[in-house]
$ cat target_25.txt   # compact mmCIF, C-alpha atoms and all ligand atoms
# COMPACT_ATOMS: atom_id res chain seq x y z
CA MET A 1 -1.43 -3.48 -1.78
CA LYS A 2 -4.92 -3.52 -3.36
CA THR A 3 -4.70 -0.52 -1.46
CA ALA A 4 -5.41 2.82 -0.31
CA PHE A 5 -7.21 4.09 -3.26
CA LEU A 6 -9.40 6.20 -1.06
CA ILE A 7 -6.66 8.21 0.45
CA ILE A 8 -5.99 10.62 -2.24
CA GLY A 9 -6.91 14.11 -1.20
CA LEU A 10 -8.69 12.93 1.88
CA ILE A 11 -6.00 13.45 4.46
CA ILE A 12 -6.54 16.91 5.83
CA GLY A 13 -3.66 17.67 8.16
CA SER A 14 -4.15 17.69 11.88
CA ASN A 15 -7.85 18.49 11.69
CA THR A 16 -8.40 14.90 10.63
CA PHE A 17 -8.28 13.98 14.29
CA ALA A 18 -10.20 16.90 15.69
CA GLN A 19 -13.58 16.05 14.23
CA GLN A 20 -15.32 12.75 14.04
CA THR A 21 -15.46 11.53 10.47
CA TYR A 22 -17.93 9.16 8.85
CA LEU A 23 -15.28 6.44 9.00
CA ASP A 24 -14.70 7.08 12.74
CA SER A 25 -18.40 6.51 13.42
CA LEU A 26 -18.54 3.53 11.09
CA ILE A 27 -15.61 1.75 12.76
CA MET A 28 -16.90 2.65 16.24
CA SER A 29 -20.24 1.07 15.34
CA LYS A 30 -18.51 -2.31 14.82
CA LYS A 31 -17.86 -4.77 17.62
CA THR A 32 -14.17 -4.19 18.35
CA LYS A 33 -11.65 -4.31 21.14
CA HIS A 34 -9.55 -1.19 21.68
CA ILE A 35 -5.80 -1.58 22.17
CA GLU A 36 -3.98 1.57 23.24
CA GLY A 37 -0.70 2.73 21.80
CA ILE A 38 1.01 5.38 19.72
CA ILE A 39 -1.01 3.81 16.91
CA PRO A 40 -4.39 3.05 18.55
CA VAL A 41 -5.98 -0.19 17.39
CA TYR A 42 -9.59 -1.32 17.02
CA VAL A 43 -9.78 -5.04 16.34
CA THR A 44 -12.46 -7.70 15.97
CA PRO A 45 -12.10 -9.82 19.15
CA GLY A 46 -10.10 -12.97 18.44
CA TYR A 47 -7.54 -11.29 16.17
CA GLU A 48 -5.63 -9.31 18.81
CA ALA A 49 -2.27 -11.01 18.25
CA LYS A 50 -2.25 -10.18 14.55
CA ALA A 51 -3.38 -6.59 15.21
CA ILE A 52 -0.67 -6.07 17.84
CA SER A 53 1.98 -7.31 15.44
CA TRP A 54 0.77 -4.89 12.74
CA GLN A 55 0.53 -2.08 15.29
CA SER A 56 4.14 -2.70 16.20
CA THR A 57 5.26 -2.68 12.55
CA ILE A 58 3.40 0.58 11.86
CA THR A 59 4.90 2.19 14.97
CA GLU A 60 8.38 1.12 13.90
CA ALA A 61 7.84 2.52 10.38
CA LYS A 62 6.49 5.77 11.81
CA ASN A 63 9.65 6.14 13.94
CA TYR A 64 11.87 5.25 10.99
CA TYR A 65 10.36 7.88 8.69
CA GLU A 66 9.98 10.56 11.37
CA SER A 67 13.68 10.33 12.04
CA LYS A 68 14.58 10.14 8.36
CA TYR A 69 12.59 13.24 7.33
CA LYS A 70 12.64 16.06 9.87
CA GLY A 71 9.48 17.94 10.73
CA ILE A 72 7.20 14.98 10.14
CA SER A 73 4.78 13.75 12.78
CA ILE A 74 2.65 10.89 11.54
CA LYS A 75 -0.72 10.16 13.13
CA ALA A 76 -2.67 7.04 12.29
CA LYS A 77 -5.15 4.58 13.74
CA LEU A 78 -5.45 0.92 12.79
CA ALA A 79 -8.68 -1.05 12.31
CA VAL A 80 -8.43 -4.83 11.87
CA LEU A 81 -11.88 -6.16 11.02
CA ASP A 82 -13.12 -9.61 10.09
CA SER A 83 -15.42 -10.20 7.13
CA ALA A 84 -18.56 -10.02 9.29
CA ASN A 85 -17.57 -6.57 10.59
CA TRP A 86 -15.96 -5.26 7.41
CA THR A 87 -16.65 -1.70 6.21
CA ASN A 88 -18.52 -2.78 3.09
CA GLU A 89 -19.99 0.73 3.01
CA ILE A 90 -16.53 1.86 1.82
CA VAL A 91 -15.15 -1.06 -0.22
CA GLY A 92 -15.48 -4.83 -0.56
CA TYR A 93 -13.71 -7.23 1.77
CA GLY A 94 -10.01 -7.63 1.10
CA TYR A 95 -9.49 -4.14 -0.33
CA THR A 96 -7.18 -2.62 2.26
CA TYR A 97 -7.21 1.15 2.50
CA ALA A 98 -6.11 4.33 4.23
CA ARG A 99 -8.62 7.09 4.77
CA ASP A 100 -9.16 9.88 7.29
CA GLY A 101 -6.11 8.78 9.27
CA TRP A 102 -7.28 5.17 9.45
CA ILE A 103 -5.46 2.14 8.12
CA VAL A 104 -8.03 -0.61 7.58
CA LEU A 105 -7.06 -4.26 7.07
CA PRO A 106 -8.91 -7.58 6.99
CA ALA A 107 -8.51 -9.83 10.03
CA ASP A 108 -9.38 -13.27 8.73
CA VAL A 109 -7.73 -13.89 5.36
CA ASP A 110 -6.05 -17.31 5.40
CA PHE A 111 -3.93 -18.81 2.60
CA ASN A 112 -6.93 -20.11 0.65
CA ASP A 113 -8.73 -16.76 0.92
CA TYR A 114 -5.52 -15.05 -0.14
CA VAL A 115 -5.26 -17.18 -3.27
CA ARG A 116 -8.93 -16.64 -4.14
CA ILE A 117 -9.27 -12.93 -3.34
CA TYR A 118 -5.97 -11.66 -4.74
CA GLY A 119 -5.91 -13.53 -8.06
CA PHE A 120 -3.63 -16.53 -7.51
CA SER A 121 -6.31 -19.20 -8.14
CA SER A 122 -5.22 -20.35 -11.59
CA PHE A 123 -1.59 -20.77 -10.50
CA LYS A 124 -1.93 -21.77 -6.85
CA ASN A 125 0.26 -24.84 -7.50
CA ILE A 126 3.07 -22.66 -8.84
CA LEU A 127 2.83 -20.44 -5.77
CA GLU A 128 3.10 -23.50 -3.51
CA LYS A 129 5.98 -24.97 -5.51
CA GLU A 130 7.94 -21.73 -5.31
CA CYS A 131 7.39 -21.63 -1.54
CA ASP A 132 8.61 -25.20 -1.30
CA LYS A 133 11.81 -24.33 -3.19
CA ILE A 134 12.86 -21.84 -0.52
CA GLY A 135 11.41 -23.71 2.44
CA LEU A 136 8.61 -21.21 3.09
CA ASP A 137 5.24 -22.30 4.49
CA PRO A 138 2.56 -20.93 2.07
CA ASN A 139 0.44 -20.11 5.12
CA GLU A 140 2.93 -17.34 5.86
CA LEU A 141 2.21 -15.52 2.58
CA PRO A 142 -0.87 -13.55 3.72
CA GLY A 143 1.05 -12.42 6.80
CA SER A 144 3.97 -11.15 4.69
CA MET A 145 1.68 -9.29 2.35
CA PHE A 146 -0.38 -7.63 5.07
CA GLN A 147 2.76 -6.60 6.94
CA PHE A 148 3.90 -4.89 3.75
CA VAL A 149 0.48 -3.34 3.23
CA THR A 150 0.37 -1.81 6.73
CA VAL A 151 3.37 0.37 5.84
CA HIS A 152 2.13 1.01 2.29
CA GLU A 153 -1.05 2.49 3.82
CA LEU A 154 0.95 4.44 6.38
CA GLY A 155 2.93 5.76 3.40
CA HIS A 156 -0.23 7.23 1.88
CA ILE A 157 -0.88 9.10 5.13
CA PHE A 158 2.68 10.23 5.63
CA VAL A 159 3.42 11.49 2.11
CA ASN A 160 0.67 14.08 2.45
CA GLN A 161 2.67 15.63 5.28
CA LEU A 162 5.99 15.54 3.51
CA ILE A 163 4.65 17.00 0.26
CA LYS A 164 1.99 19.53 1.17
CA GLU A 165 0.59 19.82 -2.35
CA GLY A 166 0.17 16.05 -2.46
CA ILE A 167 1.17 13.83 -5.35
CA PRO A 168 -1.10 13.74 -8.41
CA GLY A 169 -2.75 10.59 -9.69
CA GLU A 170 -3.05 6.95 -8.69
CA PHE A 171 0.10 5.79 -10.45
CA PHE A 172 2.45 8.06 -8.53
CA ASN A 173 0.55 7.76 -5.26
CA GLU A 174 0.71 3.98 -5.36
CA THR A 175 4.34 3.97 -6.49
CA VAL A 176 5.34 6.29 -3.65
CA ALA A 177 3.41 4.28 -1.04
CA ASN A 178 5.09 1.14 -2.35
CA ILE A 179 8.59 2.60 -2.20
CA ILE A 180 7.95 3.73 1.39
CA ALA A 181 7.02 0.18 2.38
CA TRP A 182 9.76 -1.39 0.24
CA GLU A 183 12.56 0.67 1.80
CA PHE A 184 11.28 0.16 5.33
CA PHE A 185 11.16 -3.63 5.05
CA LYS A 186 14.38 -4.01 3.06
CA LYS A 187 16.27 -2.04 5.69
CA ASN A 188 14.50 -3.12 8.87
CA LYS A 189 12.60 -6.38 8.40
CA PRO A 190 14.00 -8.18 5.35
CA GLU A 191 12.46 -11.48 6.44
CA VAL A 192 9.00 -10.07 5.60
CA MET A 193 10.12 -9.40 2.02
CA LYS A 194 10.91 -13.06 1.36
CA GLY A 195 7.27 -14.13 1.19
CA PHE A 196 6.09 -10.84 -0.24
CA GLU A 197 8.54 -10.80 -3.15
CA LEU A 198 7.77 -14.42 -3.88
CA SER A 199 4.06 -13.57 -4.21
CA MET A 200 4.90 -10.55 -6.34
CA ASN A 201 7.13 -12.47 -8.73
CA VAL A 202 4.76 -15.40 -9.14
CA PHE A 203 1.86 -13.07 -9.80
CA PHE A 204 3.84 -10.92 -12.22
CA LYS A 205 4.86 -13.93 -14.32
CA ASN A 206 1.56 -15.82 -14.26
CA TYR A 207 -1.32 -13.33 -14.20
CA THR A 208 -1.25 -12.31 -17.81
CA ASN A 209 -4.73 -11.31 -18.83
CA PRO A 210 -6.16 -8.42 -16.79
CA LYS A 211 -9.39 -6.82 -17.96
CA TYR A 212 -7.98 -3.32 -17.41
CA LYS A 213 -4.39 -2.43 -18.26
CA THR A 214 -4.08 1.32 -18.77
CA LEU A 215 -3.75 4.12 -16.25
CA THR A 216 -6.94 5.69 -17.59
CA GLU A 217 -8.82 2.45 -16.89
CA LEU A 218 -7.25 2.37 -13.45
CA SER A 219 -8.58 5.85 -12.68
CA GLU A 220 -12.02 5.10 -14.06
CA ASN A 221 -12.38 1.86 -12.13
CA TYR A 222 -10.49 2.69 -8.96
CA GLY A 223 -11.92 0.78 -6.03
CA LYS A 224 -14.52 -0.86 -8.25
CA MET A 225 -12.59 -3.36 -10.37
CA ASP A 226 -12.00 -6.98 -9.34
CA MET A 227 -9.39 -7.20 -6.67
CA GLU A 228 -7.19 -9.42 -8.81
CA ASN A 229 -7.11 -6.82 -11.57
CA TYR A 230 -6.19 -4.21 -8.98
CA CYS A 231 -3.42 -6.57 -7.79
CA TRP A 232 -2.15 -6.72 -11.36
CA TYR A 233 -1.64 -2.95 -11.26
CA GLN A 234 -0.04 -3.05 -7.82
CA PHE A 235 2.33 -5.92 -8.60
CA ASN A 236 3.36 -4.16 -11.81
CA PHE A 237 4.00 -0.93 -9.92
CA LEU A 238 6.03 -2.96 -7.44
CA LYS A 239 8.28 -4.31 -10.19
CA LEU A 240 8.97 -0.66 -11.04
CA VAL A 241 9.67 0.00 -7.36
CA GLU A 242 12.17 -2.85 -7.34
CA GLU A 243 14.09 -1.02 -10.11
CA ILE A 244 13.76 2.38 -8.47
CA TYR A 245 15.09 1.03 -5.20
CA ALA A 246 18.10 -0.42 -6.98
CA VAL A 247 19.13 3.10 -8.08
CA LYS A 248 21.37 4.06 -5.18
CA ASP A 249 21.63 7.50 -3.61
CA VAL A 250 18.38 8.80 -5.10
CA ASP A 251 15.40 9.29 -2.80
CA LEU A 252 12.09 9.27 -4.65
CA LEU A 253 10.28 11.22 -1.94
CA LEU A 254 12.85 14.00 -1.95
CA CYS A 255 12.74 14.05 -5.75
CA PHE A 256 8.98 14.57 -5.57
CA LYS A 257 9.35 17.25 -2.92
CA LYS A 258 11.84 19.11 -5.13
CA LEU A 259 9.71 18.66 -8.28
CA SER A 260 6.62 19.87 -6.46
CA GLN A 261 8.45 23.02 -5.37
CA GLU A 262 9.71 23.73 -8.88
CA ASN A 263 6.63 22.77 -10.92
CA ASN A 264 2.88 22.81 -10.70
CA LEU A 265 2.55 19.03 -10.79
CA LYS A 266 -1.23 19.17 -10.65
CA ASN A 267 -1.26 20.70 -14.12
CA MET A 268 1.05 18.06 -15.58
CA ASN A 269 0.16 14.64 -16.88
CA VAL A 270 1.76 11.42 -15.75
CA VAL A 271 4.09 11.19 -18.76
CA GLU A 272 5.39 14.72 -18.21
CA ILE A 273 6.06 14.03 -14.54
CA GLY A 274 7.65 10.70 -15.47
CA SER A 275 10.08 12.43 -17.81
CA LEU A 276 11.11 14.83 -15.01
CA LEU A 277 11.82 11.82 -12.79
CA ASP A 278 13.72 10.08 -15.58
CA LYS A 279 16.56 12.55 -15.10
CA TYR A 280 17.23 11.02 -11.69
CA TYR A 281 16.36 7.46 -12.69
CA ASN A 282 17.96 6.86 -16.08
CA GLY A 283 14.71 6.65 -18.00
CA ILE A 284 13.07 3.99 -15.83
CA PHE A 285 9.79 5.89 -15.50
CA SER A 286 9.16 6.48 -19.19
CA ARG A 287 9.98 2.88 -19.94
CA TRP A 288 7.41 1.64 -17.40
CA LEU A 289 4.80 4.24 -18.28
CA SER A 290 4.85 3.21 -21.95
CA LYS A 291 3.42 -0.12 -20.75
CA TYR A 292 0.20 1.53 -19.54
CA ASN A 293 -0.88 3.51 -22.60
ZN ZN B 1 -2.21 2.29 -2.00

$ encode --input "target_25.txt" --output "structure tokens"
Amino acid sequence: MKTAFLIIGLIIGSNTFAQQTYLDSLIMSKKTKHIEGIIPVYVTPGYEAKAISWQSTITEAKNYYESKYKGISIKAKLAVLDSANWTNEIVGYGYTYARDGWIVLPADVDFNDYVRIYGFSSFKNILEKECDKIGLDPNELPGSMFQFVTVHELGHIFVNQLIKEGIPGEFFNETVANIIAWEFFKKNKPEVMKGFELSMNVFFKNYTNPKYKTLTELSENYGKMDMENYCWYQFNFLKLVEEIYAVKDVDLLLCFKKLSQENNLKNMNVVEIGSLLDKYYNGIFSRWLSKYN
């Protein structure tokens, strides 16, 4: 998560791939190895195995969503860069993102880095204890999270094709990207969710004092706040996603598509859009949104 805040409004249809963007040149200026595929990969040498595994997950998710929603053709490229080659010009190390058709992830985050960067430091022992309870090696946690994040970022790219007008605001963009990843892993790779949900639940219960808590503060500090505060938002949004996903036979993306055809969402605020969604989701959205006033 800590995610694709840069995506919004930056994905410009098929032309994205026709011209070289600033990010294309920036990534090409780094020392990387190119791995061909439906999702081309540029990776810091030494991290090929990890990059290939993410490439395969993204390709699988692309196939899953292209067959689920007709008329969609998702294009993306993956960059996996270590801290020495990171795109600090865009955002600090650890902030994963999607921009200009690229999905960009860090190559060398181990368990200790994970704890430090993403806000688990003051309850690392609880995280380890919870892993122990279900026989999970804590060293697998970063892998689970980044697997999830690969599809979250792909979700940012893909939703701009499905809903031409785009989705307004960070809250809904992040929620939609999270539901795209959530559904994909629940249905296709549930083993990844074990470590990811454990991280989410431990964080949700134990990280209780974020500097920023409202959606206005999120907008004002997007991409600039401490990563752990950004994780607080993402893990909160994911608890909402857990509830949304439990509502059977309602597809959030199709709801958005319908709402965007019937309303001018860009002129509506988050609470107004939330109340439209409540009709399909038994009031879940308004209940969660009241937390971020
Ligand atoms: Zn995101």

$ atom_distance --input "target_25.txt" --atom1 "CA of Arg116 in chain A" --atom2 "CA of Gly92 in chain A"
14.0 Å

$ closest_residue --input "target_25.txt" --among "A:Lys248, A:His156, A:Lys189, A:Arg99" --to "ligand ZN 1 (chain B)" --atoms "all atoms listed in the file"
A:His156

$ atom_distance --input "target_25.txt" --atom1 "CA of Glu170 in chain A" --atom2 "CA of Tyr222 in chain A"
8.6 Å

$ closest_atom_pairs --input "target_25.txt" --of "chain A" --to "ligand ZN 1 (chain B)" --cutoff "12 Å" --atoms "all atoms listed in the file" --output "JSON lines"
{"residue": "A:Met1", "atom": "CA", "partner": "B:ZN1", "partner_atom": "ZN", "distance": 5.8}
{"residue": "A:Lys2", "atom": "CA", "partner": "B:ZN1", "partner_atom": "ZN", "distance": 6.6}
{"residue": "A:Thr3", "atom": "CA", "partner": "B:ZN1", "partner_atom": "ZN", "distance": 3.8}
{"residue": "A:Ala4", "atom": "CA", "partner": "B:ZN1", "partner_atom": "ZN", "distance": 3.7}
{"residue": "A:Phe5", "atom": "CA", "partner": "B:ZN1", "partner_atom": "ZN", "distance": 5.5}
{"residue": "A:Leu6", "atom": "CA", "partner": "B:ZN1", "partner_atom": "ZN", "distance": 8.2}
{"residue": "A:Ile7", "atom": "CA", "partner": "B:ZN1", "partner_atom": "ZN", "distance": 7.8}
{"residue": "A:Ile8", "atom": "CA", "partner": "B:ZN1", "partner_atom": "ZN", "distance": 9.2}
{"residue": "A:Tyr95", "atom": "CA", "partner": "B:ZN1", "partner_atom": "ZN", "distance": 9.9}
{"residue": "A:Thr96", "atom": "CA", "partner": "B:ZN1", "partner_atom": "ZN", "distance": 8.2}
{"residue": "A:Tyr97", "atom": "CA", "partner": "B:ZN1", "partner_atom": "ZN", "distance": 6.8}
{"residue": "A:Ala98", "atom": "CA", "partner": "B:ZN1", "partner_atom": "ZN", "distance": 7.6}
{"residue": "A:Arg99", "atom": "CA", "partner": "B:ZN1", "partner_atom": "ZN", "distance": 10.5}
{"residue": "A:Ile103", "atom": "CA", "partner": "B:ZN1", "partner_atom": "ZN", "distance": 10.6}
{"residue": "A:Val104", "atom": "CA", "partner": "B:ZN1", "partner_atom": "ZN", "distance": 11.6}
{"residue": "A:Phe148", "atom": "CA", "partner": "B:ZN1", "partner_atom": "ZN", "distance": 11.0}
{"residue": "A:Val149", "atom": "CA", "partner": "B:ZN1", "partner_atom": "ZN", "distance": 8.1}
{"residue": "A:Thr150", "atom": "CA", "partner": "B:ZN1", "partner_atom": "ZN", "distance": 10.0}
{"residue": "A:Val151", "atom": "CA", "partner": "B:ZN1", "partner_atom": "ZN", "distance": 9.8}
{"residue": "A:His152", "atom": "CA", "partner": "B:ZN1", "partner_atom": "ZN", "distance": 6.2}
{"residue": "A:Glu153", "atom": "CA", "partner": "B:ZN1", "partner_atom": "ZN", "distance": 5.9}
{"residue": "A:Leu154", "atom": "CA", "partner": "B:ZN1", "partner_atom": "ZN", "distance": 9.2}
{"residue": "A:Gly155", "atom": "CA", "partner": "B:ZN1", "partner_atom": "ZN", "distance": 8.2}
{"residue": "A:His156", "atom": "CA", "partner": "B:ZN1", "partner_atom": "ZN", "distance": 6.6}
{"residue": "A:Ile157", "atom": "CA", "partner": "B:ZN1", "partner_atom": "ZN", "distance": 9.9}
{"residue": "A:Val159", "atom": "CA", "partner": "B:ZN1", "partner_atom": "ZN", "distance": 11.5}
{"residue": "A:Gly169", "atom": "CA", "partner": "B:ZN1", "partner_atom": "ZN", "distance": 11.3}
{"residue": "A:Glu170", "atom": "CA", "partner": "B:ZN1", "partner_atom": "ZN", "distance": 8.2}
{"residue": "A:Phe171", "atom": "CA", "partner": "B:ZN1", "partner_atom": "ZN", "distance": 9.4}
{"residue": "A:Phe172", "atom": "CA", "partner": "B:ZN1", "partner_atom": "ZN", "distance": 9.9}
{"residue": "A:Asn173", "atom": "CA", "partner": "B:ZN1", "partner_atom": "ZN", "distance": 6.9}
{"residue": "A:Glu174", "atom": "CA", "partner": "B:ZN1", "partner_atom": "ZN", "distance": 4.8}
{"residue": "A:Thr175", "atom": "CA", "partner": "B:ZN1", "partner_atom": "ZN", "distance": 8.1}
{"residue": "A:Val176", "atom": "CA", "partner": "B:ZN1", "partner_atom": "ZN", "distance": 8.7}
{"residue": "A:Ala177", "atom": "CA", "partner": "B:ZN1", "partner_atom": "ZN", "distance": 6.0}
{"residue": "A:Asn178", "atom": "CA", "partner": "B:ZN1", "partner_atom": "ZN", "distance": 7.4}
{"residue": "A:Ile179", "atom": "CA", "partner": "B:ZN1", "partner_atom": "ZN", "distance": 10.8}
{"residue": "A:Ile180", "atom": "CA", "partner": "B:ZN1", "partner_atom": "ZN", "distance": 10.8}
{"residue": "A:Ala181", "atom": "CA", "partner": "B:ZN1", "partner_atom": "ZN", "distance": 10.4}
{"residue": "A:Tyr222", "atom": "CA", "partner": "B:ZN1", "partner_atom": "ZN", "distance": 10.8}
{"residue": "A:Gly223", "atom": "CA", "partner": "B:ZN1", "partner_atom": "ZN", "distance": 10.6}
{"residue": "A:Tyr230", "atom": "CA", "partner": "B:ZN1", "partner_atom": "ZN", "distance": 10.3}
{"residue": "A:Cys231", "atom": "CA", "partner": "B:ZN1", "partner_atom": "ZN", "distance": 10.7}
{"residue": "A:Tyr233", "atom": "CA", "partner": "B:ZN1", "partner_atom": "ZN", "distance": 10.7}
{"residue": "A:Gln234", "atom": "CA", "partner": "B:ZN1", "partner_atom": "ZN", "distance": 8.2}
{"residue": "A:Phe235", "atom": "CA", "partner": "B:ZN1", "partner_atom": "ZN", "distance": 11.5}
{"residue": "A:Phe237", "atom": "CA", "partner": "B:ZN1", "partner_atom": "ZN", "distance": 10.6}
{"residue": "A:Leu238", "atom": "CA", "partner": "B:ZN1", "partner_atom": "ZN", "distance": 11.2}

$ residues_near_point --input "target_25.txt" --point "(-11.6, -7.7, 6.3)" --cutoff "12 Å" --atoms "all atoms listed in the file" --output "ChimeraX atom specification"
/A:43-44,47,79-88,90-97,103-110,113-114,117,146

$ closest_residue --input "target_25.txt" --among "A:Gln261, A:Leu252, A:Ala76, A:Met227" --to "Gly274 in chain A" --atoms "all atoms listed in the file"
A:Leu252

$ atom_distance --input "target_25.txt" --atom1 "CA of Asn201 in chain A" --atom2 "CA of Trp232 in chain A"
11.2 Å

$ decode --input "target_25.txt" --residues "range 53-135 of chain A" --atoms "C-alpha atoms" --output "PDB file, in the first residue's frame"
ATOM      1  CA  SER A  53       7.733 -13.438  -9.088  1.00  0.00           C
ATOM      2  CA  TRP A  54       6.052 -10.002  -9.007  1.00  0.00           C
ATOM      3  CA  GLN A  55       5.958  -9.903 -12.801  1.00  0.00           C
ATOM      4  CA  SER A  56       4.150 -13.215 -12.776  1.00  0.00           C
ATOM      5  CA  THR A  57       1.616 -12.030 -10.180  1.00  0.00           C
ATOM      6  CA  ILE A  58       0.904  -8.830 -12.131  1.00  0.00           C
ATOM      7  CA  THR A  59       0.476 -10.806 -15.361  1.00  0.00           C
ATOM      8  CA  GLU A  60      -1.944 -13.171 -13.642  1.00  0.00           C
ATOM      9  CA  ALA A  61      -3.954 -10.250 -12.216  1.00  0.00           C
ATOM     10  CA  LYS A  62      -4.021  -8.555 -15.613  1.00  0.00           C
ATOM     11  CA  ASN A  63      -5.442 -11.741 -17.172  1.00  0.00           C
ATOM     12  CA  TYR A  64      -7.955 -12.134 -14.345  1.00  0.00           C
ATOM     13  CA  TYR A  65      -9.346  -8.608 -14.708  1.00  0.00           C
ATOM     14  CA  GLU A  66      -9.207  -8.531 -18.508  1.00  0.00           C
ATOM     15  CA  SER A  67     -11.393 -11.602 -18.594  1.00  0.00           C
ATOM     16  CA  LYS A  68     -13.675 -10.336 -15.833  1.00  0.00           C
ATOM     17  CA  TYR A  69     -14.373  -6.946 -17.447  1.00  0.00           C
ATOM     18  CA  LYS A  70     -14.678  -7.026 -21.230  1.00  0.00           C
ATOM     19  CA  GLY A  71     -13.015  -4.398 -23.358  1.00  0.00           C
ATOM     20  CA  ILE A  72     -10.135  -3.855 -20.968  1.00  0.00           C
ATOM     21  CA  SER A  73      -6.523  -4.147 -22.086  1.00  0.00           C
ATOM     22  CA  ILE A  74      -4.104  -3.311 -19.304  1.00  0.00           C
ATOM     23  CA  LYS A  75      -0.580  -2.148 -20.098  1.00  0.00           C
ATOM     24  CA  ALA A  76       2.037  -1.780 -17.401  1.00  0.00           C
ATOM     25  CA  LYS A  77       5.770  -1.963 -16.808  1.00  0.00           C
ATOM     26  CA  LEU A  78       7.447  -2.947 -13.555  1.00  0.00           C
ATOM     27  CA  ALA A  79      10.542  -1.348 -12.008  1.00  0.00           C
ATOM     28  CA  VAL A  80      12.132  -3.043  -8.992  1.00  0.00           C
ATOM     29  CA  LEU A  81      14.873  -0.786  -7.655  1.00  0.00           C
ATOM     30  CA  ASP A  82      17.113  -1.027  -4.620  1.00  0.00           C
ATOM     31  CA  SER A  83      17.652   1.905  -2.267  1.00  0.00           C
ATOM     32  CA  ALA A  84      20.807   3.033  -4.092  1.00  0.00           C
ATOM     33  CA  ASN A  85      18.910   3.251  -7.399  1.00  0.00           C
ATOM     34  CA  TRP A  86      15.579   4.441  -6.023  1.00  0.00           C
ATOM     35  CA  THR A  87      13.637   7.229  -7.766  1.00  0.00           C
ATOM     36  CA  ASN A  88      14.056   9.718  -4.928  1.00  0.00           C
ATOM     37  CA  GLU A  89      13.224  12.425  -7.457  1.00  0.00           C
ATOM     38  CA  ILE A  90       9.619  11.167  -7.234  1.00  0.00           C
ATOM     39  CA  VAL A  91       9.200   9.929  -3.638  1.00  0.00           C
ATOM     40  CA  GLY A  92      11.245   8.587  -0.732  1.00  0.00           C
ATOM     41  CA  TYR A  93      12.347   4.966  -0.542  1.00  0.00           C
ATOM     42  CA  GLY A  94       9.620   2.535   0.434  1.00  0.00           C
ATOM     43  CA  TYR A  95       6.751   4.568  -1.024  1.00  0.00           C
ATOM     44  CA  THR A  96       5.545   2.263  -3.780  1.00  0.00           C
ATOM     45  CA  TYR A  97       3.703   3.918  -6.636  1.00  0.00           C
ATOM     46  CA  ALA A  98       2.076   3.700 -10.053  1.00  0.00           C
ATOM     47  CA  ARG A  99       2.673   6.462 -12.546  1.00  0.00           C
ATOM     48  CA  ASP A 100       2.789   6.796 -16.326  1.00  0.00           C
ATOM     49  CA  GLY A 101       2.137   3.076 -16.744  1.00  0.00           C
ATOM     50  CA  TRP A 102       4.940   2.112 -14.359  1.00  0.00           C
ATOM     51  CA  ILE A 103       4.598   0.135 -11.164  1.00  0.00           C
ATOM     52  CA  VAL A 104       7.610   0.942  -8.982  1.00  0.00           C
ATOM     53  CA  LEU A 105       8.595  -1.164  -5.962  1.00  0.00           C
ATOM     54  CA  PRO A 106      11.599  -1.369  -3.647  1.00  0.00           C
ATOM     55  CA  ALA A 107      13.931  -4.332  -4.148  1.00  0.00           C
ATOM     56  CA  ASP A 108      15.731  -4.631  -0.841  1.00  0.00           C
ATOM     57  CA  VAL A 109      13.287  -4.274   2.057  1.00  0.00           C
ATOM     58  CA  ASP A 110      13.903  -7.071   4.575  1.00  0.00           C
ATOM     59  CA  PHE A 111      11.864  -7.758   7.727  1.00  0.00           C
ATOM     60  CA  ASN A 112      13.753  -5.206   9.833  1.00  0.00           C
ATOM     61  CA  ASP A 113      13.398  -2.527   7.151  1.00  0.00           C
ATOM     62  CA  TYR A 114       9.730  -3.411   6.866  1.00  0.00           C
ATOM     63  CA  VAL A 115       9.181  -2.904  10.588  1.00  0.00           C
ATOM     64  CA  ARG A 116      11.083   0.389  10.583  1.00  0.00           C
ATOM     65  CA  ILE A 117       9.765   1.937   7.357  1.00  0.00           C
ATOM     66  CA  TYR A 118       6.104   0.958   7.629  1.00  0.00           C
ATOM     67  CA  GLY A 119       5.462   1.820  11.283  1.00  0.00           C
ATOM     68  CA  PHE A 120       5.677  -1.472  13.182  1.00  0.00           C
ATOM     69  CA  SER A 121       8.678  -0.494  15.364  1.00  0.00           C
ATOM     70  CA  SER A 122       6.868   0.054  18.658  1.00  0.00           C
ATOM     71  CA  PHE A 123       5.038  -3.279  18.410  1.00  0.00           C
ATOM     72  CA  LYS A 124       7.519  -5.470  16.551  1.00  0.00           C
ATOM     73  CA  ASN A 125       7.268  -8.087  19.328  1.00  0.00           C
ATOM     74  CA  ILE A 126       3.502  -8.328  18.876  1.00  0.00           C
ATOM     75  CA  LEU A 127       3.962  -8.774  15.140  1.00  0.00           C
ATOM     76  CA  GLU A 128       6.444 -11.600  15.755  1.00  0.00           C
ATOM     77  CA  LYS A 129       4.222 -13.240  18.373  1.00  0.00           C
ATOM     78  CA  GLU A 130       1.229 -13.212  16.042  1.00  0.00           C
ATOM     79  CA  CYS A 131       3.353 -14.803  13.308  1.00  0.00           C
ATOM     80  CA  ASP A 132       4.466 -17.453  15.758  1.00  0.00           C
ATOM     81  CA  LYS A 133       0.851 -18.280  16.650  1.00  0.00           C
ATOM     82  CA  ILE A 134       0.064 -19.293  13.069  1.00  0.00           C
ATOM     83  CA  GLY A 135       3.477 -20.735  12.249  1.00  0.00           C
TER      84      GLY A 135
END
